[in-house]
Amino acid sequence: MSVASLTEARDANSGATRVAETTAVVILCVAAVLAPVCLGATDPVARCTFEVATATAAILWAVSARRRLALVVIPLVLTAAVGLQLVPLPDRLLMAIAPVSAGEWKVAHEGMPGVSGCISVDPSITAVAMMRLLIAIAVVCLVADVARRPTPRRALLGSLAVSGAVVWGLGIAFPFSRPELTLLGFIDFRGPIEAEFWRTPLMPALQTNGSGVFDTIAVAGQRYRMPAWVAADGFGPFIYANHFASALCMTVPPLVAAWLAATRDRLPGVVRVVTAAGVFAGALWTVGAMATSRAGAAAMVMAALVFLALSVRSTIARRVTWPMAALYLALLLGFVVVFYGRFAGLEQVFPESVRPRIAALMADSRAVAAHAALRMFAASPLLGIGLSCFGVFVPRFVPGDLLLYYAHNDYAQLLAETGLAGLAAAAGGVAWLARRWLAMSRGRSDAVEATLNAAAWSALSGVAVHSAFDWNMHVPANALLACIVAGVALATGDVAAPGRGRREGSPGFTGLALQAMLVMALAAAIAVVVRDACTETVKRDLREAITADRLARLEPKRPSAAAALADATAAGERMAAWDPANGQLALLIGQAYLHRMALPQPMDEADAMQRLSATWLRTARRYSAALSGLPEPVLGR
């Protein structure tokens, strides 16, 4: 082949790479703007749409050129590590590495000889979470790679700025929705029971404030428990005000950076700085005073201090701003220790007038959830209880009917679900960030570049603080924003090579094989999240049919739910053929058949319903060790 032909082929490949990377960046930019507006992408269909889009962006990035080996390996290794939680293990080995999981599986599999358990107490939940983790880490690696160049970096930060302006504007226009419980003025989140409209058995936990209680349902001589989640307050486009606050913490710094970059050499410096300070102050007021998010306000202050410390150019100013940020961080860490620590009687140290408030703060449900997470970690310290299994396992560790689906502390939940292995992975991520921080600090950048760097790192510091008090990484929109912010931060101090030679990409056949594995894994992730969205839709239909039957029993004037139950169970069985190992789905089908058994009908049909209910409940126990809705006979019958 001639030199000219080789040059043309290289140019064609370079052009195709640029098109693919540009498309991937555009997808992420659009997702960053739209996901927070679409109710935080908490609806199963909306969530699936954005997950498929971001996974597609990662696939385009992975197939378009040879990539650095580390960026390809990291998503695969982390996914494989979580996959170990899904491997069936002999009882003796499982007891040695995950004793709490082994005990739960023994109880669940009673009367099922030869069935093995695994580390995860609910493998179907962990499998979906594993695929979502793969997509998230792949997006971080994608952004960390492409954001080394100025244009993609500015485009991504610009999309965050636009997202911040839109979310903030919607928050001003549509503040707290209580007592109406409507979002954006027309989306109703009230429950179906009029006397208890503030809680709902229909919504998944993700679309509530993440806490609730159990309702006990008696039917056909049996009783079981069904969760009733507390409807969230709603603020702007977010279902939960604290998640609105976190979104602002990640998007206001890029918004301020965009303002400073756009007005450089166009407006007087005093005007620019005062306006930027006003934006941070306005965001703090919105988060703290309007949304009443205390943790969000603390995180916003942290983000503002880090932005100030990184963006100032004067040596004297840096000597003032960095100690301020460090002191504030130390105060926050001290508060975390006191808040989550077990300091009985601490309120007695304070004046009598404030003791009730201090005592209430120490008994906050966030502290209860974090303590439960730490007990889970102590019970299974090596590999945890299974990714995303905290919520289904809480009833084993929190007495009474209180439900806490999330730990309200992403760090504590990660520790409970993944153990020391997850802690080691998190430490590796922190080390990677620290390395990029040092590279950025030692490098030289102009004022605009320093401002953009400050936006990424301040946004990251804000969400890092807020995640100590809430469950932001479980909200799809906020998790996406955090992935983009983390990727841009990892790109700082890492300048892209001008060409794309062999040194830029993965080495030889091994690198190409790993990239192919990543692409196949992402394609599998798309299939899994699509299936999960369909399953969640069917589960919602089952919950609605069961609730309709409950209400019909309480109020005889209501129409019978027989048709709704029949349609829901038929849809559930069809879905179970596609998602056969989903214990939660099988549980709802079994409950629905129990309700159908209690309807007026011939004896032989009622007996058939009873057998089908028992079969599905047995299937549920086979695939999940953390079920809280298994029926039991009512005493005295």
# chains A, B, ... in the order shown; residues from 1 in each chain; ligands from 1
$ residues_around --residues "Arg444 in chain A" --least-positions-apart "6" --cutoff "12 Å" --atoms "only C-alpha atoms" --output "VMD selection string"
chain A and resid 313 438 450 453 492 to 495
$ write_last_selection --atoms "C-alpha atoms" --output "PDB file, in the first residue's frame"
ATOM      1  CA  ARG A 313      -4.966  34.029  40.838  1.00  0.00           C
ATOM      2  CA  LEU A 438      -1.713  17.204  41.994  1.00  0.00           C
ATOM      3  CA  ALA A 450      -8.420  27.752  35.884  1.00  0.00           C
ATOM      4  CA  ASN A 453     -11.118  23.477  36.424  1.00  0.00           C
ATOM      5  CA  THR A 492      -7.755  18.258  34.484  1.00  0.00           C
ATOM      6  CA  GLY A 493      -4.003  18.207  34.306  1.00  0.00           C
ATOM      7  CA  ASP A 494      -4.133  15.462  31.661  1.00  0.00           C
ATOM      8  CA  VAL A 495      -3.484  17.037  28.256  1.00  0.00           C
TER       9      VAL A 495
END
$ residues_around --residues "range 422-436 of chain A" --least-positions-apart "5" --cutoff "12 Å" --atoms "only C-alpha atoms" --output "VMD selection string"
chain A and resid 70 to 71 74 to 75 77 to 79 81 to 82 85 137 140 to 141 144 148 377 381 to 387 410 to 417 441 to 443 453 456 to 457 460 to 461 464 485 to 495
$ residues_around --residues "range 514-531 of chain A" --least-positions-apart "5" --cutoff "10 Å" --atoms "only C-alpha atoms" --output "ChimeraX atom specification"
/A:44-45,47-49,51-56,58-63,65-69,71-76,79,127-135,138,506,509,536-537,575,578-579
$ atom_distance --atom1 "CA of Ala459 in chain A" --atom2 "CA of Thr42 in chain A"
22.0 Å
$ closest_atom_pairs --of "range 27-132 of chain A" --to "range 352-376 of chain A" --cutoff "12 Å" --atoms "only C-alpha atoms" --output "tab-separated table"
residue	atom	partner	partner_atom	distance
A:Ala98	CA	A:Met376	CA	10.5
A:Pro99	CA	A:Met376	CA	10.7
A:Val100	CA	A:Met376	CA	8.2
A:Ser101	CA	A:Met376	CA	10.1
A:Val121	CA	A:Met376	CA	11.8
$ write_last_selection --atoms "C-alpha atoms" --output "PDB file, in the first residue's frame"
ATOM      1  CA  ALA A  98     -20.777 -13.685  54.052  1.00  0.00           C
ATOM      2  CA  PRO A  99     -22.340 -15.208  57.161  1.00  0.00           C
ATOM      3  CA  VAL A 100     -25.384 -12.945  57.244  1.00  0.00           C
ATOM      4  CA  SER A 101     -26.227 -13.793  53.629  1.00  0.00           C
ATOM      5  CA  VAL A 121     -29.398 -11.351  49.364  1.00  0.00           C
TER       6      VAL A 121
END
$ closest_residue --among "A:Val301, A:Asp122, A:Leu255, A:Ser246" --to "Leu160 in chain A" --atoms "only C-alpha atoms"
A:Leu255
$ select_by_dssp --residues "range 31-109 of chain A" --states "alpha helix (DSSP H)" --output "PyMOL selection string"
chain A and resi 31-37+44-64+69-83+91-97+99-108
$ residues_around --residues "range 149-151 of chain A" --least-positions-apart "2" --cutoff "9 Å" --atoms "only C-alpha atoms" --output "list in words"
Asp145, Val146, Ala147, Arg153, Arg154, Ala155, Leu156, Glu449, Ala491, Val495 and Ala496 of chain A
$ write_last_selection --atoms "C-alpha atoms" --output "CSV table (one decimal), in the first residue's frame"
chain,number,residue,atom,x,y,z
A,145,ASP,CA,-10.7,10.8,28.1
A,146,VAL,CA,-12.5,13.2,25.8
A,147,ALA,CA,-12.5,16.2,28.2
A,153,ARG,CA,-14.7,19.9,28.1
A,154,ARG,CA,-16.4,23.3,27.5
A,155,ALA,CA,-19.3,21.6,25.9
A,156,LEU,CA,-19.9,19.3,28.9
A,449,GLU,CA,-8.8,27.3,32.1
A,491,ALA,CA,-9.3,15.2,32.8
A,495,VAL,CA,-3.5,17.0,28.3
A,496,ALA,CA,-4.5,15.0,25.2
$ residues_around --residues "Arg540 in chain A" --least-positions-apart "5" --cutoff "12 Å" --atoms "only C-alpha atoms" --output "PDB file with N, CA and C atoms, in the first residue's frame"
ATOM      1  N   ASP A  43     -38.748   7.901  36.763  1.00  0.00           N
ATOM      2  CA  ASP A  43     -39.729   7.022  36.135  1.00  0.00           C
ATOM      3  C   ASP A  43     -38.999   5.893  35.408  1.00  0.00           C
ATOM      4  N   PRO A  44     -39.463   4.631  35.530  1.00  0.00           N
ATOM      5  CA  PRO A  44     -38.733   3.520  34.912  1.00  0.00           C
ATOM      6  C   PRO A  44     -38.448   3.700  33.428  1.00  0.00           C
ATOM      7  N   THR A 200     -47.927   6.175  49.978  1.00  0.00           N
ATOM      8  CA  THR A 200     -48.459   5.440  48.838  1.00  0.00           C
ATOM      9  C   THR A 200     -47.822   4.058  48.736  1.00  0.00           C
ATOM     10  N   PRO A 201     -48.642   3.028  48.490  1.00  0.00           N
ATOM     11  CA  PRO A 201     -48.091   1.701  48.212  1.00  0.00           C
ATOM     12  C   PRO A 201     -47.819   1.478  46.727  1.00  0.00           C
ATOM     13  N   LEU A 202     -48.098   2.477  45.907  1.00  0.00           N
ATOM     14  CA  LEU A 202     -47.994   2.308  44.456  1.00  0.00           C
ATOM     15  C   LEU A 202     -46.614   2.663  43.919  1.00  0.00           C
ATOM     16  N   MET A 203     -46.058   3.776  44.386  1.00  0.00           N
ATOM     17  CA  MET A 203     -44.783   4.255  43.860  1.00  0.00           C
ATOM     18  C   MET A 203     -43.623   3.394  44.340  1.00  0.00           C
ATOM     19  N   PRO A 204     -42.595   3.196  43.516  1.00  0.00           N
ATOM     20  CA  PRO A 204     -41.367   2.600  44.030  1.00  0.00           C
ATOM     21  C   PRO A 204     -40.665   3.578  44.959  1.00  0.00           C
ATOM     22  N   ALA A 205     -39.784   3.075  45.800  1.00  0.00           N
ATOM     23  CA  ALA A 205     -39.118   3.919  46.796  1.00  0.00           C
ATOM     24  C   ALA A 205     -38.388   5.084  46.153  1.00  0.00           C
ATOM     25  N   ALA A 533     -36.834  -2.021  33.191  1.00  0.00           N
ATOM     26  CA  ALA A 533     -37.896  -1.021  33.037  1.00  0.00           C
ATOM     27  C   ALA A 533     -39.241  -1.696  32.784  1.00  0.00           C
ATOM     28  N   CYS A 534     -39.241  -2.730  31.965  1.00  0.00           N
ATOM     29  CA  CYS A 534     -40.483  -3.463  31.709  1.00  0.00           C
ATOM     30  C   CYS A 534     -40.972  -4.147  32.985  1.00  0.00           C
ATOM     31  N   THR A 535     -40.044  -4.747  33.740  1.00  0.00           N
ATOM     32  CA  THR A 535     -40.415  -5.405  34.988  1.00  0.00           C
ATOM     33  C   THR A 535     -41.010  -4.416  35.974  1.00  0.00           C
ATOM     34  N   ALA A 545     -53.307  -3.174  41.156  1.00  0.00           N
ATOM     35  CA  ALA A 545     -54.418  -4.125  41.206  1.00  0.00           C
ATOM     36  C   ALA A 545     -54.647  -4.617  42.634  1.00  0.00           C
ATOM     37  N   ILE A 546     -53.592  -4.922  43.343  1.00  0.00           N
ATOM     38  CA  ILE A 546     -53.724  -5.372  44.736  1.00  0.00           C
ATOM     39  C   ILE A 546     -54.328  -4.268  45.591  1.00  0.00           C
ATOM     40  N   THR A 547     -53.867  -3.036  45.395  1.00  0.00           N
ATOM     41  CA  THR A 547     -54.408  -1.910  46.167  1.00  0.00           C
ATOM     42  C   THR A 547     -55.879  -1.678  45.838  1.00  0.00           C
ATOM     43  N   ALA A 568     -53.315  -8.119  35.616  1.00  0.00           N
ATOM     44  CA  ALA A 568     -51.991  -7.880  36.204  1.00  0.00           C
ATOM     45  C   ALA A 568     -51.224  -9.187  36.381  1.00  0.00           C
ATOM     46  N   THR A 569     -51.894 -10.242  36.845  1.00  0.00           N
ATOM     47  CA  THR A 569     -51.188 -11.517  37.019  1.00  0.00           C
ATOM     48  C   THR A 569     -50.776 -12.109  35.673  1.00  0.00           C
ATOM     49  N   ALA A 571     -50.019 -10.375  32.981  1.00  0.00           N
ATOM     50  CA  ALA A 571     -48.848  -9.602  32.551  1.00  0.00           C
ATOM     51  C   ALA A 571     -47.627  -9.977  33.373  1.00  0.00           C
ATOM     52  N   GLY A 572     -47.813 -10.208  34.675  1.00  0.00           N
ATOM     53  CA  GLY A 572     -46.697 -10.602  35.525  1.00  0.00           C
ATOM     54  C   GLY A 572     -46.099 -11.931  35.111  1.00  0.00           C
ATOM     55  N   GLN A 584     -38.741 -10.343  43.597  1.00  0.00           N
ATOM     56  CA  GLN A 584     -39.748  -9.350  43.954  1.00  0.00           C
ATOM     57  C   GLN A 584     -40.958  -9.445  43.024  1.00  0.00           C
ATOM     58  N   LEU A 585     -40.721  -9.693  41.753  1.00  0.00           N
ATOM     59  CA  LEU A 585     -41.824  -9.858  40.804  1.00  0.00           C
ATOM     60  C   LEU A 585     -42.644 -11.104  41.153  1.00  0.00           C
ATOM     61  N   LEU A 588     -44.948 -10.455  44.140  1.00  0.00           N
ATOM     62  CA  LEU A 588     -46.164  -9.709  43.821  1.00  0.00           C
ATOM     63  C   LEU A 588     -47.178 -10.571  43.082  1.00  0.00           C
ATOM     64  N   ILE A 589     -46.698 -11.450  42.197  1.00  0.00           N
ATOM     65  CA  ILE A 589     -47.621 -12.351  41.499  1.00  0.00           C
ATOM     66  C   ILE A 589     -48.295 -13.282  42.503  1.00  0.00           C
TER      67      ILE A 589
END
$ residues_around --residues "His243 in chain A" --least-positions-apart "3" --cutoff "12 Å" --atoms "only C-alpha atoms" --output "VMD selection string"
chain A and resid 36 39 to 42 167 171 206 to 210 232 to 240 246 to 250 287 291 to 297 299 408 463 466 to 467 469 to 479 481
$ select_by_dssp --residues "range 115-216 of chain A" --states "strand (DSSP E)" --output "list of chain:residue names"
A:Thr182, A:Leu183, A:Ile187, A:Asp188, A:Arg199, A:Thr200, A:Ser211, A:Gly212, A:Val213, A:Phe214, A:Asp215, A:Thr216
